[in-house]
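*Asks:* Structure file entry_2.pdb (PDB, C-alpha atoms, pLDDT in the B column) right here:
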```
ATOM      1  CA  MET G  12     -48.805 -99.349  48.382  1.00 88.00           C
ATOM      2  CA  ASN G  13     -48.470-100.501  44.789  1.00 92.00           C
ATOM      3  CA  PHE G  14     -44.660-100.540  44.787  1.00 96.00           C
ATOM      4  CA  ILE G  15     -44.364-102.316  48.124  1.00 97.00           C
ATOM      5  CA  GLN G  16     -46.926-104.966  47.238  1.00 96.00           C
ATOM      6  CA  ASN G  17     -45.368-105.485  43.821  1.00 96.00           C
ATOM      7  CA  TYR G  18     -41.899-106.217  45.174  1.00 98.00           C
ATOM      8  CA  PHE G  19     -42.929-107.788  48.490  1.00 98.00           C
ATOM      9  CA  PRO G  20     -46.082-109.766  47.661  1.00 97.00           C
ATOM     10  CA  ASP G  21     -45.771-112.103  50.658  1.00 97.00           C
ATOM     11  CA  LEU G  22     -46.304-109.526  53.405  1.00 98.00           C
ATOM     12  CA  SER G  23     -48.525-110.643  56.253  1.00 97.00           C
ATOM     13  CA  PRO G  24     -51.766-108.715  56.934  1.00 97.00           C
ATOM     14  CA  GLN G  25     -50.015-107.195  59.962  1.00 98.00           C
ATOM     15  CA  GLN G  26     -47.078-105.978  57.868  1.00 98.00           C
ATOM     16  CA  SER G  27     -49.374-104.560  55.183  1.00 97.00           C
ATOM     17  CA  HIS G  28     -51.281-102.696  57.889  1.00 97.00           C
ATOM     18  CA  GLN G  29     -48.065-101.297  59.337  1.00 98.00           C
ATOM     19  CA  PHE G  30     -46.896 -99.996  55.980  1.00 98.00           C
ATOM     20  CA  ASN G  31     -50.312 -98.467  55.358  1.00 97.00           C
ATOM     21  CA  VAL G  32     -50.064 -96.645  58.685  1.00 97.00           C
ATOM     22  CA  MET G  33     -46.645 -95.299  57.665  1.00 97.00           C
ATOM     23  CA  MET G  34     -48.049 -94.093  54.361  1.00 97.00           C
ATOM     24  CA  GLN G  35     -50.769 -92.185  56.204  1.00 97.00           C
ATOM     25  CA  LEU G  36     -48.737 -90.757  59.080  1.00 97.00           C
ATOM     26  CA  TYR G  37     -45.540 -89.525  57.422  1.00 97.00           C
ATOM     27  CA  PRO G  38     -47.347 -86.899  55.295  1.00 95.00           C
ATOM     28  CA  GLN G  39     -49.290 -85.743  58.361  1.00 96.00           C
ATOM     29  CA  TRP G  40     -46.161 -85.413  60.451  1.00 95.00           C
ATOM     30  CA  ASN G  41     -44.240 -83.779  57.611  1.00 94.00           C
ATOM     31  CA  GLU G  42     -46.589 -80.818  57.699  1.00 92.00           C
ATOM     32  CA  LYS G  43     -45.386 -80.158  61.267  1.00 93.00           C
ATOM     33  CA  ILE G  44     -41.799 -81.416  61.199  1.00 91.00           C
ATOM     34  CA  ASN G  45     -39.825 -81.569  57.979  1.00 89.00           C
ATOM     35  CA  VAL G  46     -38.419 -85.105  58.080  1.00 91.00           C
ATOM     36  CA  ILE G  47     -38.710 -85.565  54.317  1.00 92.00           C
ATOM     37  CA  SER G  48     -38.175 -82.843  51.735  1.00 88.00           C
ATOM     38  CA  ARG G  49     -41.522 -81.153  51.107  1.00 86.00           C
ATOM     39  CA  LYS G  50     -41.097 -81.627  47.376  1.00 86.00           C
ATOM     40  CA  ASP G  51     -40.365 -85.324  47.901  1.00 91.00           C
ATOM     41  CA  ILE G  52     -43.139 -86.337  50.301  1.00 93.00           C
ATOM     42  CA  ASP G  53     -45.331 -87.398  47.366  1.00 93.00           C
ATOM     43  CA  ASN G  54     -42.643 -89.987  46.592  1.00 95.00           C
ATOM     44  CA  LEU G  55     -42.678 -91.395  50.132  1.00 97.00           C
ATOM     45  CA  GLU G  56     -43.408 -94.987  49.154  1.00 97.00           C
ATOM     46  CA  LEU G  57     -40.809 -95.296  46.395  1.00 97.00           C
ATOM     47  CA  ASN G  58     -37.988 -92.988  47.451  1.00 96.00           C
ATOM     48  CA  HIS G  59     -38.034 -93.654  51.181  1.00 97.00           C
ATOM     49  CA  ILE G  60     -39.924 -96.756  52.261  1.00 98.00           C
ATOM     50  CA  LEU G  61     -39.106 -99.038  49.326  1.00 98.00           C
ATOM     51  CA  HIS G  62     -35.564 -97.649  49.146  1.00 98.00           C
ATOM     52  CA  SER G  63     -35.087 -98.668  52.786  1.00 98.00           C
ATOM     53  CA  MET G  64     -36.486-102.115  52.050  1.00 98.00           C
ATOM     54  CA  ALA G  65     -33.744-102.764  49.473  1.00 98.00           C
ATOM     55  CA  VAL G  66     -31.559-103.944  52.356  1.00 98.00           C
ATOM     56  CA  ALA G  67     -33.935-106.903  52.729  1.00 98.00           C
ATOM     57  CA  ARG G  68     -33.128-107.978  49.172  1.00 98.00           C
ATOM     58  CA  PHE G  69     -29.436-108.003  49.998  1.00 98.00           C
ATOM     59  CA  ILE G  70     -29.684-109.874  53.312  1.00 98.00           C
ATOM     60  CA  ASP G  71     -32.391-111.891  55.015  1.00 98.00           C
ATOM     61  CA  PHE G  72     -31.698-111.097  58.670  1.00 98.00           C
ATOM     62  CA  LYS G  73     -31.989-114.159  60.907  1.00 98.00           C
ATOM     63  CA  PRO G  74     -34.235-114.005  63.990  1.00 98.00           C
ATOM     64  CA  GLY G  75     -32.259-112.668  66.919  1.00 98.00           C
ATOM     65  CA  THR G  76     -30.097-110.352  64.798  1.00 98.00           C
ATOM     66  CA  THR G  77     -29.421-106.914  66.306  1.00 98.00           C
ATOM     67  CA  VAL G  78     -29.201-103.836  64.083  1.00 98.00           C
ATOM     68  CA  MET G  79     -28.350-100.193  64.766  1.00 98.00           C
ATOM     69  CA  ASP G  80     -29.701 -97.573  62.363  1.00 98.00           C
ATOM     70  CA  LEU G  81     -27.249 -94.688  62.628  1.00 96.00           C
ATOM     71  CA  GLY G  82     -28.626 -91.273  61.667  1.00 95.00           C
ATOM     72  CA  THR G  83     -32.141 -92.612  61.221  1.00 96.00           C
ATOM     73  CA  GLY G  84     -33.798 -89.189  60.927  1.00 94.00           C
ATOM     74  CA  GLY G  85     -37.515 -89.891  60.720  1.00 94.00           C
ATOM     75  CA  GLY G  86     -36.951 -93.652  60.741  1.00 97.00           C
ATOM     76  CA  PHE G  87     -35.182 -94.663  57.522  1.00 97.00           C
ATOM     77  CA  PRO G  88     -34.104 -97.319  56.829  1.00 98.00           C
ATOM     78  CA  GLY G  89     -34.738 -98.780  60.281  1.00 98.00           C
ATOM     79  CA  LEU G  90     -38.509 -98.553  60.559  1.00 98.00           C
ATOM     80  CA  PRO G  91     -39.421-100.251  57.255  1.00 98.00           C
ATOM     81  CA  LEU G  92     -36.817-102.936  57.981  1.00 98.00           C
ATOM     82  CA  ALA G  93     -38.252-103.494  61.453  1.00 98.00           C
ATOM     83  CA  VAL G  94     -41.633-104.201  59.857  1.00 98.00           C
ATOM     84  CA  LEU G  95     -40.073-106.709  57.458  1.00 98.00           C
ATOM     85  CA  PHE G  96     -38.079-108.431  60.227  1.00 98.00           C
ATOM     86  CA  PRO G  97     -40.277-108.567  63.354  1.00 98.00           C
ATOM     87  CA  GLU G  98     -37.897-111.002  65.085  1.00 98.00           C
ATOM     88  CA  VAL G  99     -34.904-108.680  64.691  1.00 98.00           C
ATOM     89  CA  LYS G 100     -34.138-105.954  67.243  1.00 98.00           C
ATOM     90  CA  PHE G 101     -33.452-102.453  65.899  1.00 98.00           C
ATOM     91  CA  LEU G 102     -32.001 -99.425  67.684  1.00 98.00           C
ATOM     92  CA  LEU G 103     -32.671 -96.155  65.837  1.00 98.00           C
ATOM     93  CA  VAL G 104     -30.184 -93.408  66.698  1.00 97.00           C
ATOM     94  CA  ASP G 105     -30.254 -89.723  65.772  1.00 96.00           C
ATOM     95  CA  ARG G 106     -29.032 -86.415  67.143  1.00 94.00           C
ATOM     96  CA  ILE G 107     -32.170 -84.505  66.150  1.00 94.00           C
ATOM     97  CA  ALA G 108     -34.864 -85.079  68.764  1.00 95.00           C
ATOM     98  CA  LYS G 109     -37.806 -83.799  66.734  1.00 95.00           C
ATOM     99  CA  LYS G 110     -37.110 -86.195  63.861  1.00 95.00           C
ATOM    100  CA  LEU G 111     -36.743 -89.105  66.262  1.00 96.00           C
ATOM    101  CA  LYS G 112     -40.067 -88.106  67.815  1.00 96.00           C
ATOM    102  CA  VAL G 113     -41.736 -88.680  64.434  1.00 97.00           C
ATOM    103  CA  ALA G 114     -40.222 -92.157  64.111  1.00 97.00           C
ATOM    104  CA  GLN G 115     -41.242 -93.021  67.674  1.00 97.00           C
ATOM    105  CA  ASP G 116     -44.847 -91.964  67.140  1.00 97.00           C
ATOM    106  CA  ILE G 117     -45.161 -93.800  63.831  1.00 98.00           C
ATOM    107  CA  ALA G 118     -43.674 -96.948  65.359  1.00 98.00           C
ATOM    108  CA  ARG G 119     -46.135 -96.715  68.245  1.00 98.00           C
ATOM    109  CA  GLN G 120     -49.191 -96.140  66.077  1.00 98.00           C
ATOM    110  CA  ALA G 121     -48.168 -98.843  63.613  1.00 98.00           C
ATOM    111  CA  GLY G 122     -47.476-101.341  66.388  1.00 98.00           C
ATOM    112  CA  VAL G 123     -43.834-101.859  65.473  1.00 98.00           C
ATOM    113  CA  ASN G 124     -42.617-103.282  68.762  1.00 97.00           C
ATOM    114  CA  ASN G 125     -39.111-104.484  67.878  1.00 98.00           C
ATOM    115  CA  VAL G 126     -37.576-100.997  67.758  1.00 98.00           C
ATOM    116  CA  SER G 127     -36.040 -98.802  70.418  1.00 97.00           C
ATOM    117  CA  PHE G 128     -34.739 -95.252  70.086  1.00 97.00           C
ATOM    118  CA  ARG G 129     -31.724 -93.286  71.242  1.00 96.00           C
ATOM    119  CA  HIS G 130     -31.476 -89.505  70.998  1.00 95.00           C
ATOM    120  CA  GLY G 131     -27.932 -88.185  71.005  1.00 92.00           C
ATOM    121  CA  ASP G 132     -24.445 -88.923  69.774  1.00 89.00           C
ATOM    122  CA  VAL G 133     -23.659 -92.461  68.686  1.00 89.00           C
ATOM    123  CA  LEU G 134     -20.598 -92.373  70.944  1.00 86.00           C
ATOM    124  CA  GLU G 135     -22.997 -92.494  73.896  1.00 89.00           C
ATOM    125  CA  VAL G 136     -24.499 -95.792  72.725  1.00 93.00           C
ATOM    126  CA  LYS G 137     -23.514 -98.940  74.583  1.00 91.00           C
ATOM    127  CA  GLY G 138     -23.705-102.527  73.393  1.00 94.00           C
ATOM    128  CA  LYS G 139     -22.853-104.667  70.392  1.00 97.00           C
ATOM    129  CA  PHE G 140     -24.744-105.161  67.142  1.00 98.00           C
ATOM    130  CA  ASP G 141     -24.561-107.574  64.253  1.00 98.00           C
ATOM    131  CA  PHE G 142     -25.038-104.819  61.695  1.00 98.00           C
ATOM    132  CA  VAL G 143     -25.106-101.044  61.470  1.00 98.00           C
ATOM    133  CA  VAL G 144     -27.310 -99.646  58.697  1.00 98.00           C
ATOM    134  CA  SER G 145     -27.473 -96.098  57.412  1.00 97.00           C
ATOM    135  CA  ARG G 146     -28.874 -94.064  54.552  1.00 95.00           C
ATOM    136  CA  ALA G 147     -26.724 -91.258  53.119  1.00 80.00           C
ATOM    137  CA  VAL G 148     -25.345 -90.213  56.517  1.00 81.00           C
ATOM    138  CA  MET G 149     -21.623 -89.687  55.842  1.00 88.00           C
ATOM    139  CA  PRO G 150     -18.742 -91.006  53.703  1.00 91.00           C
ATOM    140  CA  LEU G 151     -17.690 -94.553  54.476  1.00 93.00           C
ATOM    141  CA  PRO G 152     -14.285 -93.846  56.123  1.00 93.00           C
ATOM    142  CA  GLY G 153     -15.894 -91.668  58.787  1.00 93.00           C
ATOM    143  CA  MET G 154     -18.706 -94.137  59.294  1.00 93.00           C
ATOM    144  CA  VAL G 155     -16.298 -97.032  59.812  1.00 95.00           C
ATOM    145  CA  LYS G 156     -14.400 -95.107  62.492  1.00 93.00           C
ATOM    146  CA  LEU G 157     -17.652 -94.458  64.346  1.00 92.00           C
ATOM    147  CA  VAL G 158     -19.160 -97.914  64.224  1.00 93.00           C
ATOM    148  CA  ARG G 159     -16.286-100.377  64.285  1.00 94.00           C
ATOM    149  CA  ARG G 160     -16.441-100.796  68.055  1.00 94.00           C
ATOM    150  CA  PHE G 161     -20.156-101.640  67.954  1.00 96.00           C
ATOM    151  CA  ILE G 162     -19.896-104.650  65.653  1.00 97.00           C
ATOM    152  CA  SER G 163     -20.170-108.016  67.374  1.00 97.00           C
ATOM    153  CA  HIS G 164     -17.789-110.794  66.326  1.00 93.00           C
ATOM    154  CA  ASP G 165     -20.432-113.490  66.814  1.00 94.00           C
ATOM    155  CA  SER G 166     -22.125-113.799  63.429  1.00 94.00           C
ATOM    156  CA  ILE G 167     -25.409-115.677  62.943  1.00 96.00           C
ATOM    157  CA  ASN G 168     -26.234-114.538  59.412  1.00 98.00           C
ATOM    158  CA  ALA G 169     -25.209-115.758  55.971  1.00 96.00           C
ATOM    159  CA  ILE G 170     -22.667-112.948  55.645  1.00 97.00           C
ATOM    160  CA  PRO G 171     -20.232-111.619  58.263  1.00 97.00           C
ATOM    161  CA  ASN G 172     -21.347-108.818  60.555  1.00 98.00           C
ATOM    162  CA  GLY G 173     -20.624-105.301  59.391  1.00 98.00           C
ATOM    163  CA  LEU G 174     -21.891-102.096  57.857  1.00 98.00           C
ATOM    164  CA  LEU G 175     -24.723-101.745  55.317  1.00 98.00           C
ATOM    165  CA  CYS G 176     -25.119 -98.315  53.729  1.00 97.00           C
ATOM    166  CA  LEU G 177     -27.667 -97.052  51.207  1.00 98.00           C
ATOM    167  CA  LYS G 178     -25.853 -94.618  48.937  1.00 96.00           C
ATOM    168  CA  GLY G 179     -26.096 -92.863  45.599  1.00 93.00           C
ATOM    169  CA  GLY G 180     -23.835 -90.981  43.233  1.00 88.00           C
ATOM    170  CA  GLU G 181     -20.114 -91.408  42.601  1.00 89.00           C
ATOM    171  CA  LEU G 182     -18.526 -93.585  45.279  1.00 93.00           C
ATOM    172  CA  GLU G 183     -15.104 -94.457  43.894  1.00 91.00           C
ATOM    173  CA  ASP G 184     -13.049 -92.151  46.122  1.00 92.00           C
ATOM    174  CA  GLU G 185     -14.736 -92.963  49.413  1.00 92.00           C
ATOM    175  CA  LEU G 186     -14.627 -96.701  48.761  1.00 94.00           C
ATOM    176  CA  LYS G 187     -10.959 -96.733  47.704  1.00 93.00           C
ATOM    177  CA  PRO G 188      -9.566 -97.448  51.210  1.00 93.00           C
ATOM    178  CA  PHE G 189     -11.771-100.563  51.410  1.00 94.00           C
ATOM    179  CA  LYS G 190     -11.489-101.811  47.834  1.00 88.00           C
ATOM    180  CA  ASN G 191     -10.383-105.301  48.868  1.00 91.00           C
ATOM    181  CA  ASP G 192     -13.297-105.851  51.247  1.00 95.00           C
ATOM    182  CA  VAL G 193     -16.242-103.705  50.190  1.00 97.00           C
ATOM    183  CA  LEU G 194     -19.124-105.078  48.131  1.00 97.00           C
ATOM    184  CA  VAL G 195     -21.318-102.716  46.099  1.00 97.00           C
ATOM    185  CA  GLU G 196     -24.702-103.882  44.844  1.00 97.00           C
ATOM    186  CA  ASP G 197     -26.865-101.911  42.395  1.00 97.00           C
ATOM    187  CA  ILE G 198     -30.388-101.533  43.766  1.00 98.00           C
ATOM    188  CA  SER G 199     -31.560-101.468  40.153  1.00 97.00           C
ATOM    189  CA  ASN G 200     -30.939-105.231  40.276  1.00 97.00           C
ATOM    190  CA  TYR G 201     -33.886-105.423  42.668  1.00 98.00           C
ATOM    191  CA  PHE G 202     -36.216-102.594  41.651  1.00 98.00           C
ATOM    192  CA  ASN G 203     -36.926-101.367  38.115  1.00 97.00           C
ATOM    193  CA  GLU G 204     -37.935 -97.729  38.664  1.00 97.00           C
ATOM    194  CA  ASP G 205     -35.670 -94.948  37.373  1.00 97.00           C
ATOM    195  CA  PHE G 206     -35.082 -93.613  40.891  1.00 97.00           C
ATOM    196  CA  PHE G 207     -32.943 -96.651  41.671  1.00 97.00           C
ATOM    197  CA  LYS G 208     -30.617 -96.412  38.658  1.00 96.00           C
ATOM    198  CA  THR G 209     -27.961 -94.589  40.684  1.00 95.00           C
ATOM    199  CA  LYS G 210     -28.735 -96.153  44.082  1.00 97.00           C
ATOM    200  CA  LYS G 211     -26.497 -98.750  45.685  1.00 97.00           C
ATOM    201  CA  ILE G 212     -26.069-100.886  48.764  1.00 98.00           C
ATOM    202  CA  VAL G 213     -22.556-100.762  50.145  1.00 97.00           C
ATOM    203  CA  TYR G 214     -21.606-103.682  52.395  1.00 98.00           C
ATOM    204  CA  LEU G 215     -18.414-103.721  54.413  1.00 97.00           C
ATOM    205  CA  PRO G 216     -17.705-106.663  56.724  1.00 97.00           C
ATOM    206  CA  ILE G 217     -16.058-105.585  59.974  1.00 95.00           C
ATOM    207  CA  TYR G 218     -14.032-108.243  61.723  1.00 88.00           C
TER     208      TYR G 218
END
```
Please rewrite the model in this file as structure tokens.
*Replies:*
Amino acid sequence: MNFIQNYFPDLSPQQSHQFNVMMQLYPQWNEKINVISRKDIDNLELNHILHSMAVARFIDFKPGTTVMDLGTGGGFPGLPLAVLFPEVKFLLVDRIAKKLKVAQDIARQAGVNNVSFRHGDVLEVKGKFDFVVSRAVMPLPGMVKLVRRFISHDSINAIPNGLLCLKGGELEDELKPFKNDVLVEDISNYFNEDFFKTKKIVYLPIY
């Protein structure tokens, strides 16, 4: 947990324990169900857990905030964020049941109690959320069409409610329709490792 402790030195003992449990369980599960590329599982802490935690450097969710993680897979970015924000409610949604099963078991064993799970299409989800988060799920125009109806208009955070995406690579074309509203933050502003040089947080307020 060197990277996590370096960038988040104020974790409580409970949070440190929860991240340690993640570090132990993901490799065990990955031998049965491929939720992380086999060649990348050795980079679990940096490329997956810490990457997910970058959202917490962009926004400090207020207690009572509700967040949907769309296309969570094995629990990223939702599960690490749920550990960081125990007073925020997270719904982790994915179409692939076996990947969601991994996230559910890790949440249970780590004692992450502020998460719930939904297997199936996002169109079946009911309710409103302050934010939708995702990690490399789909281009922004398609994502906005899917999630717009879920965003609550009652904002309690320092920035308006909306969409927070972790992305990499060339984004100019997919961001063009939102150029007047979208905010792009380089994760390399938060974390120094080479992996983050091309990684970004894309924030789009949805009114």
*Asks:* Of the candidates G:Met149, G:Leu194, G:Val133, G:Leu61, which shows the shortest atom-to-atom distance to G:Phe30, using only C-alpha atoms?
*Replies:*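 Among the listed residues, the smallest separation from G:Phe30 belongs to G:Leu61.
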*Asks:* Report as a PyMOL selection string all protein, DNA and RNA residues lying within 7 Å of stretch 90-96 of chain G, evaluated on only C-alpha atoms, omitting residues in the same chain fewer than 5 positions from it.
*Replies:* chain G and resi 26+60+63-64+101+123+125-126
*Asks:* If we count all atoms listed in the file and set the cut-off at 6 Å, which residues sit around stretch 81-85 of chain G, ignoring sequence neighbours fewer than 4 positions away in its own chain? Please answer as a count of residues only.
*Replies:* 9
*Asks:* With only C-alpha atoms as the basis for distance, which of G:Met79, G:Ala67, G:Ile117, G:Ala169 is at the shortest distance from G:Gly138?
*Replies:*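 Among G:Met79, G:Ala67, G:Ile117, G:Ala169, it is G:Met79 that comes nearest to G:Gly138.
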*Asks:* Apply the PyMOL selection byres ((chain G and resi 152-163) around 7) to the displayed file and report the matching residues as a list in words.
*Replies:*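 This file gives the following for the PyMOL selection byres ((chain G and resi 152-163) around 7): Gly138, Lys139, Phe140, Asp141, Phe142, Met149, Pro150, Leu151, His164, Asp165, Asn172, Gly173, Glu185 and Ile217 of chain G.
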*Asks:* Please indicate the distance in Å from atom CA of G:Ile15 to atom CA of G:Asn168, rounded to one decimal place.
*Replies:*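 One can read the atom CA of G:Ile15 to atom CA of G:Asn168 distance as 24.6 Å.
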*Asks:* Which residues are close to G:Leu175, i.e. within 7 Å by all atoms listed in the file, leaving aside same-chain residues fewer than 5 positions away? Reply as a count of residues only.
*Replies:* 7
*Asks:* Would you kindly translate the PyMOL selection byres ((chain G and resi 195-201) around 10) into the concrete residues it picks from this file, as a PyMOL selection string?
*Replies:* chain G and resi 18+62+65-66+68-69+175-179+182+186+193-194+202-215
*Asks:* Separation of atom CA of G:Asn45 and atom CA of G:Gly122, in Å?
*Replies:*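 Calculated distance between atom CA of G:Asn45 and atom CA of G:Gly122 is 22.8 Å.
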*Asks:* So that I can see what lies close to G:Pro38, please list as a ChimeraX atom specification the residues with an atom at most 12 Å from it, counting only C-alpha atoms and leaving out residues fewer than 2 positions away in the same chain.
*Replies:* /G:31-36,40-56,85,113,117
*Asks:* Using the selection just defined, write its residues with C-alpha atoms as a compact mmCIF listing (two decimals), in the coordinates of the input.
*Replies:*
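As written to disk, out34.txt reads:
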```txt
# COMPACT_ATOMS: atom_id res chain seq x y z
CA ASN G 31 -50.31 -98.47 55.36
CA VAL G 32 -50.06 -96.64 58.68
CA MET G 33 -46.64 -95.30 57.66
CA MET G 34 -48.05 -94.09 54.36
CA GLN G 35 -50.77 -92.18 56.20
CA LEU G 36 -48.74 -90.76 59.08
CA TRP G 40 -46.16 -85.41 60.45
CA ASN G 41 -44.24 -83.78 57.61
CA GLU G 42 -46.59 -80.82 57.70
CA LYS G 43 -45.39 -80.16 61.27
CA ILE G 44 -41.80 -81.42 61.20
CA ASN G 45 -39.83 -81.57 57.98
CA VAL G 46 -38.42 -85.10 58.08
CA ILE G 47 -38.71 -85.56 54.32
CA SER G 48 -38.17 -82.84 51.74
CA ARG G 49 -41.52 -81.15 51.11
CA LYS G 50 -41.10 -81.63 47.38
CA ASP G 51 -40.36 -85.32 47.90
CA ILE G 52 -43.14 -86.34 50.30
CA ASP G 53 -45.33 -87.40 47.37
CA ASN G 54 -42.64 -89.99 46.59
CA LEU G 55 -42.68 -91.40 50.13
CA GLU G 56 -43.41 -94.99 49.15
CA GLY G 85 -37.52 -89.89 60.72
CA VAL G 113 -41.74 -88.68 64.43
CA ILE G 117 -45.16 -93.80 63.83
```
*Asks:* So the first atom is atom CA of G:Gln115 and the second is atom CA of G:Leu174; what is the distance between them in Å, to one decimal place?
*Replies:*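 About the pair atom CA of G:Gln115 and atom CA of G:Leu174: they are 23.5 Å apart.
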*Asks:* Select, from G:Asp71, G:Asn17, G:Arg106, G:Asp80, the residue with the minimum atom-to-atom distance to G:Glu135, counting all atoms listed in the file.
*Replies:*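 Nearest candidate to G:Glu135 out of G:Asp71, G:Asn17, G:Arg106, G:Asp80: G:Arg106.
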*Asks:* Of the candidates G:Thr77, G:Ser23, G:Pro216, G:Ala108, which one gets nearest to G:His130 if we count only C-alpha atoms?
*Replies:* G:Ala108
*Asks:* I'd like the box whose edges run along x, y and z of the file and which contains every listed atom of stretch 178-193 of chain G, padded by 4 Å per side; could you state its centre and edge lengths in Å, one decimal, as JSON?
*Replies:*
```
{"center_x": -17.8, "center_y": -98.4, "center_z": 47.0, "size_x": 24.5, "size_y": 22.9, "size_z": 16.8}
```
